[in-house]
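Have a look at structure25.cif below; it lists mmCIF, C-alpha atoms and all ligand atoms.
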```
data_target
#
loop_
_atom_site.label_atom_id
_atom_site.label_comp_id
_atom_site.auth_asym_id
_atom_site.auth_seq_id
_atom_site.Cartn_x
_atom_site.Cartn_y
_atom_site.Cartn_z
CA MET A 1 20.31 -26.28 -0.88
CA PRO A 2 23.30 -28.52 -1.84
CA TRP A 3 26.18 -26.78 -3.62
CA TYR A 4 25.65 -28.69 -6.87
CA THR A 5 22.01 -27.48 -7.05
CA SER A 6 23.01 -23.84 -6.82
CA LEU A 7 25.86 -24.43 -9.26
CA PHE A 8 23.41 -26.02 -11.69
CA GLN A 9 20.97 -23.11 -11.30
CA TRP A 10 23.73 -20.59 -11.92
CA PHE A 11 24.95 -22.57 -14.95
CA SER A 12 21.50 -23.03 -16.49
CA GLY A 13 20.78 -19.34 -15.90
CA LEU A 14 23.64 -18.53 -18.29
CA PHE A 15 22.01 -20.51 -21.07
CA PHE A 16 18.30 -20.42 -20.39
CA SER A 17 17.82 -16.90 -19.12
CA LYS A 18 14.58 -15.18 -19.98
CA THR A 19 13.48 -11.55 -19.88
CA ALA A 20 10.25 -9.57 -19.79
CA ASP A 21 9.51 -5.87 -20.08
CA ILE A 22 6.64 -4.98 -17.79
CA SER A 23 4.68 -1.78 -17.25
CA ILE A 24 2.68 -1.33 -14.06
CA VAL A 25 -0.23 1.08 -14.09
CA GLY A 26 -3.30 1.72 -11.95
CA LEU A 27 -4.82 4.52 -9.86
CA GLN A 28 -2.70 6.26 -7.22
CA ALA A 29 -2.14 4.40 -3.94
CA SER A 30 -3.15 1.01 -5.41
CA GLY A 31 0.26 -0.42 -4.50
CA LYS A 32 2.36 -0.34 -7.67
CA THR A 33 5.56 0.85 -6.04
CA SER A 34 4.96 -1.51 -3.12
CA PHE A 35 4.75 -4.39 -5.61
CA VAL A 36 8.09 -3.47 -7.16
CA ASN A 37 9.69 -3.06 -3.71
CA VAL A 38 8.36 -6.38 -2.45
CA ILE A 39 9.29 -8.50 -5.47
CA GLY A 40 12.56 -6.62 -5.92
CA SER A 41 13.91 -6.85 -2.39
CA GLY A 42 11.21 -8.34 -0.15
CA GLN A 43 10.94 -4.87 1.36
CA TRP A 44 7.44 -4.08 2.69
CA SER A 45 6.86 -0.59 4.09
CA GLU A 46 3.76 1.44 5.01
CA GLU A 47 5.70 4.58 4.09
CA VAL A 48 5.91 4.80 0.34
CA VAL A 49 6.19 8.11 -1.43
CA PRO A 50 3.72 8.68 -4.30
CA THR A 51 5.54 8.18 -7.59
CA VAL A 52 6.24 11.22 -9.74
CA GLY A 53 6.58 10.34 -13.42
CA PHE A 54 7.99 6.82 -13.36
CA ASN A 55 10.76 4.57 -12.01
CA VAL A 56 12.49 1.70 -13.77
CA ARG A 57 13.89 -1.27 -11.94
CA ASN A 58 15.50 -4.53 -13.03
CA VAL A 59 14.52 -7.48 -10.90
CA ARG A 60 16.13 -10.88 -11.26
CA LYS A 61 14.16 -13.92 -10.14
CA GLY A 62 15.90 -17.25 -10.79
CA ASN A 63 16.85 -17.08 -14.46
CA VAL A 64 14.23 -14.48 -15.35
CA THR A 65 15.12 -10.79 -15.53
CA LEU A 66 12.15 -8.46 -15.29
CA LYS A 67 12.53 -4.87 -16.45
CA ILE A 68 9.75 -3.08 -14.62
CA TRP A 69 8.36 0.38 -15.40
CA ASP A 70 6.53 1.65 -12.31
CA ILE A 71 4.31 4.48 -13.55
CA ALA A 72 2.71 7.22 -11.45
CA GLY A 73 -1.05 6.82 -10.93
CA GLN A 74 -2.23 10.33 -9.99
CA PRO A 75 -4.66 11.82 -12.56
CA LYS A 76 -2.12 14.21 -14.09
CA PHE A 77 0.18 11.29 -15.02
CA ARG A 78 -2.42 8.95 -16.53
CA SER A 79 -2.03 10.31 -20.06
CA THR A 80 1.56 8.94 -20.01
CA TRP A 81 0.50 5.32 -19.36
CA GLU A 82 0.01 4.47 -23.02
CA ARG A 83 3.51 5.67 -23.95
CA TYR A 84 5.17 3.51 -21.27
CA CYS A 85 3.00 0.49 -22.07
CA SER A 86 3.68 0.34 -25.81
CA GLY A 87 6.16 -2.36 -26.73
CA VAL A 88 6.16 -4.16 -23.37
CA ASP A 89 5.58 -7.91 -22.97
CA VAL A 90 3.05 -7.53 -20.18
CA ILE A 91 0.86 -4.80 -18.69
CA ILE A 92 0.07 -5.11 -14.99
CA PHE A 93 -2.94 -3.13 -13.78
CA ILE A 94 -3.10 -2.87 -9.99
CA VAL A 95 -6.31 -1.99 -8.18
CA ASP A 96 -6.89 -1.45 -4.45
CA SER A 97 -9.50 -4.18 -3.89
CA HIS A 98 -10.51 -2.58 -0.61
CA ASP A 99 -11.28 0.88 -2.06
CA LYS A 100 -14.56 0.05 -3.79
CA GLU A 101 -15.47 3.68 -4.38
CA LYS A 102 -12.62 3.92 -6.86
CA PHE A 103 -13.66 0.88 -8.95
CA ASP A 104 -15.56 3.02 -11.48
CA ALA A 105 -12.53 5.25 -12.04
CA ALA A 106 -10.27 2.19 -12.31
CA GLN A 107 -12.63 0.58 -14.84
CA PHE A 108 -12.66 3.77 -16.91
CA GLU A 109 -8.87 4.22 -16.92
CA LEU A 110 -8.21 0.55 -17.72
CA HIS A 111 -10.55 0.44 -20.72
CA GLN A 112 -9.33 3.84 -21.91
CA LEU A 113 -5.76 2.51 -21.89
CA LEU A 114 -6.63 -0.75 -23.65
CA SER A 115 -8.49 1.09 -26.41
CA HIS A 116 -5.16 2.26 -27.87
CA GLN A 117 -4.31 0.31 -31.03
CA THR A 118 -0.61 0.48 -30.07
CA LEU A 119 -1.36 -1.83 -27.12
CA ALA A 120 -3.43 -4.40 -29.00
CA ALA A 121 -2.73 -8.00 -27.94
CA VAL A 122 -0.38 -7.12 -25.05
CA PRO A 123 -1.24 -9.59 -22.24
CA LEU A 124 -2.87 -8.04 -19.17
CA LEU A 125 -2.49 -9.07 -15.55
CA VAL A 126 -4.95 -7.43 -13.15
CA LEU A 127 -4.02 -7.56 -9.47
CA GLY A 128 -6.60 -6.90 -6.78
CA ASN A 129 -4.16 -5.73 -4.13
CA LYS A 130 -4.59 -5.25 -0.34
CA ASN A 131 -6.53 -8.47 0.25
CA ASP A 132 -5.13 -8.39 3.82
CA LEU A 133 -7.82 -5.76 4.52
CA GLU A 134 -11.31 -6.85 5.53
CA ASP A 135 -14.13 -6.41 3.03
CA HIS A 136 -11.87 -6.45 0.00
CA ALA A 137 -13.44 -7.42 -3.32
CA SER A 138 -12.98 -11.00 -4.54
CA VAL A 139 -11.64 -11.86 -8.00
CA ASN A 140 -15.20 -12.36 -9.26
CA GLU A 141 -16.26 -8.95 -7.95
CA LEU A 142 -13.24 -7.37 -9.64
CA ILE A 143 -13.98 -9.08 -12.96
CA LYS A 144 -17.47 -7.60 -12.79
CA ALA A 145 -16.52 -4.11 -11.54
CA LEU A 146 -13.67 -3.69 -14.03
CA GLU A 147 -15.62 -5.40 -16.85
CA LEU A 148 -12.73 -7.74 -17.55
CA ASP A 149 -15.05 -10.15 -19.39
CA LYS A 150 -15.49 -7.49 -22.11
CA ILE A 151 -11.78 -7.55 -23.00
CA ARG A 152 -11.48 -9.69 -26.12
CA ASN A 153 -8.25 -8.97 -27.96
CA ARG A 154 -5.64 -10.21 -25.46
CA ALA A 155 -4.88 -12.72 -22.68
CA VAL A 156 -6.25 -11.48 -19.34
CA SER A 157 -5.66 -12.89 -15.85
CA CYS A 158 -6.83 -11.55 -12.51
CA TYR A 159 -5.53 -12.48 -9.05
CA SER A 160 -6.28 -11.28 -5.56
CA CYS A 161 -3.09 -10.51 -3.63
CA SER A 162 -1.43 -8.47 -0.91
CA MET A 163 1.95 -6.81 -0.92
CA LYS A 164 1.76 -6.55 2.85
CA SER A 165 1.25 -10.27 3.52
CA GLN A 166 2.81 -11.31 0.17
CA HIS A 167 -0.22 -13.51 -0.45
CA ASN A 168 -0.29 -14.93 -4.02
CA LEU A 169 2.99 -13.30 -5.05
CA ASP A 170 4.25 -16.77 -5.97
CA ILE A 171 1.53 -17.26 -8.60
CA VAL A 172 2.05 -13.73 -9.89
CA LEU A 173 5.74 -14.53 -10.45
CA GLN A 174 4.83 -17.82 -12.14
CA TRP A 175 2.51 -15.91 -14.49
CA LEU A 176 5.25 -13.39 -15.30
CA THR A 177 7.76 -16.18 -15.94
CA LYS A 178 5.31 -17.81 -18.35
CA HIS A 179 5.07 -14.53 -20.28
CA SER A 180 8.85 -13.99 -20.45
CA HIS A 181 10.89 -14.98 -23.48
N1 LIG B 201 -2.84 -2.89 3.76
C1 LIG B 201 -2.12 -2.80 2.63
N2 LIG B 201 -1.58 -1.63 2.25
C2 LIG B 201 -0.87 -1.60 1.10
C3 LIG B 201 -0.65 -2.76 0.32
N3 LIG B 201 0.11 -2.41 -0.76
C4 LIG B 201 0.36 -1.09 -0.64
N4 LIG B 201 -0.21 -0.59 0.49
C5 LIG B 201 -0.15 0.81 0.98
O1 LIG B 201 -0.82 1.65 0.05
C6 LIG B 201 -0.17 2.94 -0.01
C7 LIG B 201 0.17 3.28 -1.45
O2 LIG B 201 1.15 2.39 -1.94
P1 LIG B 201 2.10 2.74 -3.19
O3 LIG B 201 2.87 1.50 -3.47
O4 LIG B 201 2.83 3.98 -2.97
O5 LIG B 201 0.99 3.00 -4.34
P2 LIG B 201 1.26 3.42 -5.86
O6 LIG B 201 0.25 2.67 -6.65
O7 LIG B 201 2.68 3.25 -6.23
O8 LIG B 201 0.84 4.97 -5.85
P3 LIG B 201 1.33 6.13 -6.91
O9 LIG B 201 2.81 6.05 -7.01
O10 LIG B 201 0.87 7.44 -6.33
O11 LIG B 201 0.63 5.86 -8.21
C8 LIG B 201 1.06 2.84 0.92
O12 LIG B 201 0.74 3.40 2.15
C9 LIG B 201 1.28 1.34 1.05
O13 LIG B 201 1.88 1.01 2.28
C10 LIG B 201 -1.23 -4.00 0.76
O14 LIG B 201 -1.11 -5.07 0.17
N5 LIG B 201 -1.95 -3.95 1.93
MG MG B 202 4.11 4.55 -6.89
#
```
Using structure tokens, write down the structure from this file.
Amino acid sequence: MPWYTSLFQWFSGLFFSKTADISIVGLQASGKTSFVNVIGSGQWSEEVVPTVGFNVRNVRKGNVTLKIWDIAGQPKFRSTWERYCSGVDVIIFIVDSHDKEKFDAAQFELHQLLSHQTLAAVPLLVLGNKNDLEDHASVNELIKALELDKIRNRAVSCYSCSMKSQHNLDIVLQWLTKHSH
């Protein structure tokens, strides 16, 4: 890129910078920490340690700064999701689109979370992760399995993606930029 383009980007970033607070929830091993690693540093790894409690990370993309709360997904941590999701700009719910046996549990936990009045109207982004694996569910199958069409009181989007291949991460970032302020 020519020097004046990067200078312009740096300069406009000073004046037009945007931010978003994001909480990421979903069942264990769906790929939440992998998502943060991949968008934060392009770092894909098969070896990720299950999250205990939560981690916070600031990720800067162009002139958008994302403050991301990566919450643990094991059953004993799920009662904390609501606390970390209240007051954020966006909730991301990640589901392993290849692990169809867990769809019922994911549906239950998602609707349980959204039933909290404190989270009313917070936009929701559902990511069907691991679409690099054969036999993963499509977006339409996820909408049906997670009953996304029953969610009325907020903006909802659903994309199929993969942290491993980075498929669709560009549109996920576009969506997050649109919901930054
Ligand atoms: N094939 C494939 N594997 C993935 C993908 N994303 C994550 N994984 C793997 O899934 C496993 C769990 O990933 P994590 O990112 O730790 O999942 P998590 O949702 O943070 O899990 P908890 O912290 O326990 O809630 C790891 O072995 C990852 O390498 C993907 O897109 N494709
Ligand atoms: Mg994790």
Can you list every residue of chain A that has an atom at most 9 Å from ligand LIG 201 (chain B), with its nearest atom pair and the distance in Å to one decimal, using only C-alpha atoms and all ligand atoms, ordered by chain then number, as JSON lines?
```
{"residue": "A:Ile24", "atom": "CA", "partner": "B:LIG201", "partner_atom": "O6", "distance": 8.8}
{"residue": "A:Val25", "atom": "CA", "partner": "B:LIG201", "partner_atom": "O6", "distance": 7.6}
{"residue": "A:Gly26", "atom": "CA", "partner": "B:LIG201", "partner_atom": "O6", "distance": 6.4}
{"residue": "A:Leu27", "atom": "CA", "partner": "B:LIG201", "partner_atom": "O11", "distance": 5.8}
{"residue": "A:Gln28", "atom": "CA", "partner": "B:LIG201", "partner_atom": "O11", "distance": 3.5}
{"residue": "A:Ala29", "atom": "CA", "partner": "B:LIG201", "partner_atom": "O5", "distance": 3.5}
{"residue": "A:Ser30", "atom": "CA", "partner": "B:LIG201", "partner_atom": "O6", "distance": 4.0}
{"residue": "A:Gly31", "atom": "CA", "partner": "B:LIG201", "partner_atom": "O3", "distance": 3.4}
{"residue": "A:Lys32", "atom": "CA", "partner": "B:LIG201", "partner_atom": "O6", "distance": 3.8}
{"residue": "A:Thr33", "atom": "CA", "partner": "B:LIG201", "partner_atom": "O7", "distance": 3.8}
{"residue": "A:Ser34", "atom": "CA", "partner": "B:LIG201", "partner_atom": "O3", "distance": 3.7}
{"residue": "A:Phe35", "atom": "CA", "partner": "B:LIG201", "partner_atom": "O3", "distance": 6.5}
{"residue": "A:Val36", "atom": "CA", "partner": "B:LIG201", "partner_atom": "O3", "distance": 8.1}
{"residue": "A:Asn37", "atom": "CA", "partner": "B:LIG201", "partner_atom": "O3", "distance": 8.2}
{"residue": "A:Trp44", "atom": "CA", "partner": "B:LIG201", "partner_atom": "O13", "distance": 7.5}
{"residue": "A:Ser45", "atom": "CA", "partner": "B:LIG201", "partner_atom": "O13", "distance": 5.5}
{"residue": "A:Glu46", "atom": "CA", "partner": "B:LIG201", "partner_atom": "O13", "distance": 3.3}
{"residue": "A:Glu47", "atom": "CA", "partner": "B:LIG201", "partner_atom": "O12", "distance": 5.5}
{"residue": "A:Val48", "atom": "CA", "partner": "B:LIG201", "partner_atom": "O4", "distance": 4.6}
{"residue": "A:Val49", "atom": "CA", "partner": "B:LIG201", "partner_atom": "O4", "distance": 5.5}
{"residue": "A:Pro50", "atom": "CA", "partner": "B:LIG201", "partner_atom": "O10", "distance": 3.7}
{"residue": "A:Thr51", "atom": "CA", "partner": "B:LIG201", "partner_atom": "O9", "distance": 3.5}
{"residue": "A:Val52", "atom": "CA", "partner": "B:LIG201", "partner_atom": "O9", "distance": 6.8}
{"residue": "A:Gly53", "atom": "CA", "partner": "B:LIG201", "partner_atom": "O9", "distance": 8.6}
{"residue": "A:Phe54", "atom": "CA", "partner": "B:LIG201", "partner_atom": "O9", "distance": 8.2}
{"residue": "A:Asp70", "atom": "CA", "partner": "B:LIG201", "partner_atom": "O7", "distance": 7.4}
{"residue": "A:Ile71", "atom": "CA", "partner": "B:LIG201", "partner_atom": "O11", "distance": 6.6}
{"residue": "A:Ala72", "atom": "CA", "partner": "B:LIG201", "partner_atom": "O11", "distance": 4.1}
{"residue": "A:Gly73", "atom": "CA", "partner": "B:LIG201", "partner_atom": "O11", "distance": 3.3}
{"residue": "A:Gln74", "atom": "CA", "partner": "B:LIG201", "partner_atom": "O11", "distance": 5.6}
{"residue": "A:Phe77", "atom": "CA", "partner": "B:LIG201", "partner_atom": "O11", "distance": 8.7}
{"residue": "A:Ile94", "atom": "CA", "partner": "B:LIG201", "partner_atom": "O6", "distance": 7.3}
{"residue": "A:Val95", "atom": "CA", "partner": "B:LIG201", "partner_atom": "O6", "distance": 8.2}
{"residue": "A:Asp96", "atom": "CA", "partner": "B:LIG201", "partner_atom": "C3", "distance": 8.0}
{"residue": "A:His98", "atom": "CA", "partner": "B:LIG201", "partner_atom": "N1", "distance": 8.8}
{"residue": "A:Asn129", "atom": "CA", "partner": "B:LIG201", "partner_atom": "O14", "distance": 5.3}
{"residue": "A:Lys130", "atom": "CA", "partner": "B:LIG201", "partner_atom": "O14", "distance": 3.5}
{"residue": "A:Asn131", "atom": "CA", "partner": "B:LIG201", "partner_atom": "O14", "distance": 6.4}
{"residue": "A:Asp132", "atom": "CA", "partner": "B:LIG201", "partner_atom": "N5", "distance": 5.8}
{"residue": "A:Leu133", "atom": "CA", "partner": "B:LIG201", "partner_atom": "N1", "distance": 5.8}
{"residue": "A:Cys161", "atom": "CA", "partner": "B:LIG201", "partner_atom": "O14", "distance": 6.9}
{"residue": "A:Ser162", "atom": "CA", "partner": "B:LIG201", "partner_atom": "O14", "distance": 3.6}
{"residue": "A:Met163", "atom": "CA", "partner": "B:LIG201", "partner_atom": "O14", "distance": 3.7}
{"residue": "A:Lys164", "atom": "CA", "partner": "B:LIG201", "partner_atom": "O14", "distance": 4.2}
{"residue": "A:Ser165", "atom": "CA", "partner": "B:LIG201", "partner_atom": "O14", "distance": 6.6}
{"residue": "A:Gln166", "atom": "CA", "partner": "B:LIG201", "partner_atom": "O14", "distance": 7.4}
{"residue": "A:His167", "atom": "CA", "partner": "B:LIG201", "partner_atom": "O14", "distance": 8.5}
```
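Protein and nucleic acid residues near (11.1, -10.1, -20.6) are Lys18, Thr19, Ala20, Asp21, Ile22, Val64, Thr65, Leu66, Lys67, Asp89, His179, Ser180 and His181 of chain A, the criterion being any atom at most 8 Å away using all atoms listed in the file.
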Identify which of the residues A:Lys150, A:Asn55, A:Pro2, A:Trp10 lies closest to ligand MG 202 (chain B), counting only C-alpha atoms and all ligand atoms when measuring atom-to-atom distances. A:Asn55
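Atom pair atom CA of Ala120 of chain A / atom CA of Leu148 of chain A has a distance of 15.1 Å (rounded to one decimal).
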Tell me, as number ranges by chain, which residues lie within 7 Å of Ser86 of chain A, counting all atoms listed in the file; anything in the same chain fewer than 4 positions away does not count. A: 82, 118-119
Selection export as a PDB file, keeping the file's coordinate frame, atoms kept: C-alpha atoms:
```
ATOM      1  CA  GLU A  82       0.010   4.470 -23.020  1.00  0.00           C
ATOM      2  CA  THR A 118      -0.610   0.480 -30.070  1.00  0.00           C
ATOM      3  CA  LEU A 119      -1.360  -1.830 -27.120  1.00  0.00           C
TER       4      LEU A 119
END
```
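Atom pair atom CA of Leu142 of chain A / atom CA of Gly128 of chain A: separated by 7.2 Å.
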Could you check which of A:Asp149, A:Glu109, A:Trp69, A:Leu7 is closest to ligand MG 202 (chain B), using all atoms listed in the file? A:Trp69
Go through A:Ile151, A:Ile92, A:Ser79, A:Leu176 one by one, measure the shortest atom-to-atom distance of each to Leu114 of chain A using only C-alpha atoms, and give the residue with the smallest value. A:Ile151
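Atom to atom, atom CA of Gln107 of chain A and atom CA of Pro123 of chain A stand 17.0 Å apart.
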Compare A:Ile91, A:Ala105, A:Val139, A:Ala145 by their minimum atom-to-atom distance to Trp175 of chain A, counting all atoms listed in the file, and give me the closest one. A:Ile91
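Residues lying within 6 Å of Cys158 of chain A, counting only C-alpha atoms and ignoring same-chain neighbours fewer than 5 positions away, are Leu125, Val126 and Leu127 of chain A.
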Restricting to all atoms listed in the file, whichever of A:Val56, A:Leu169, A:Ala137, A:Ala155 is closest to ligand MG 202 (chain B) is A:Val56
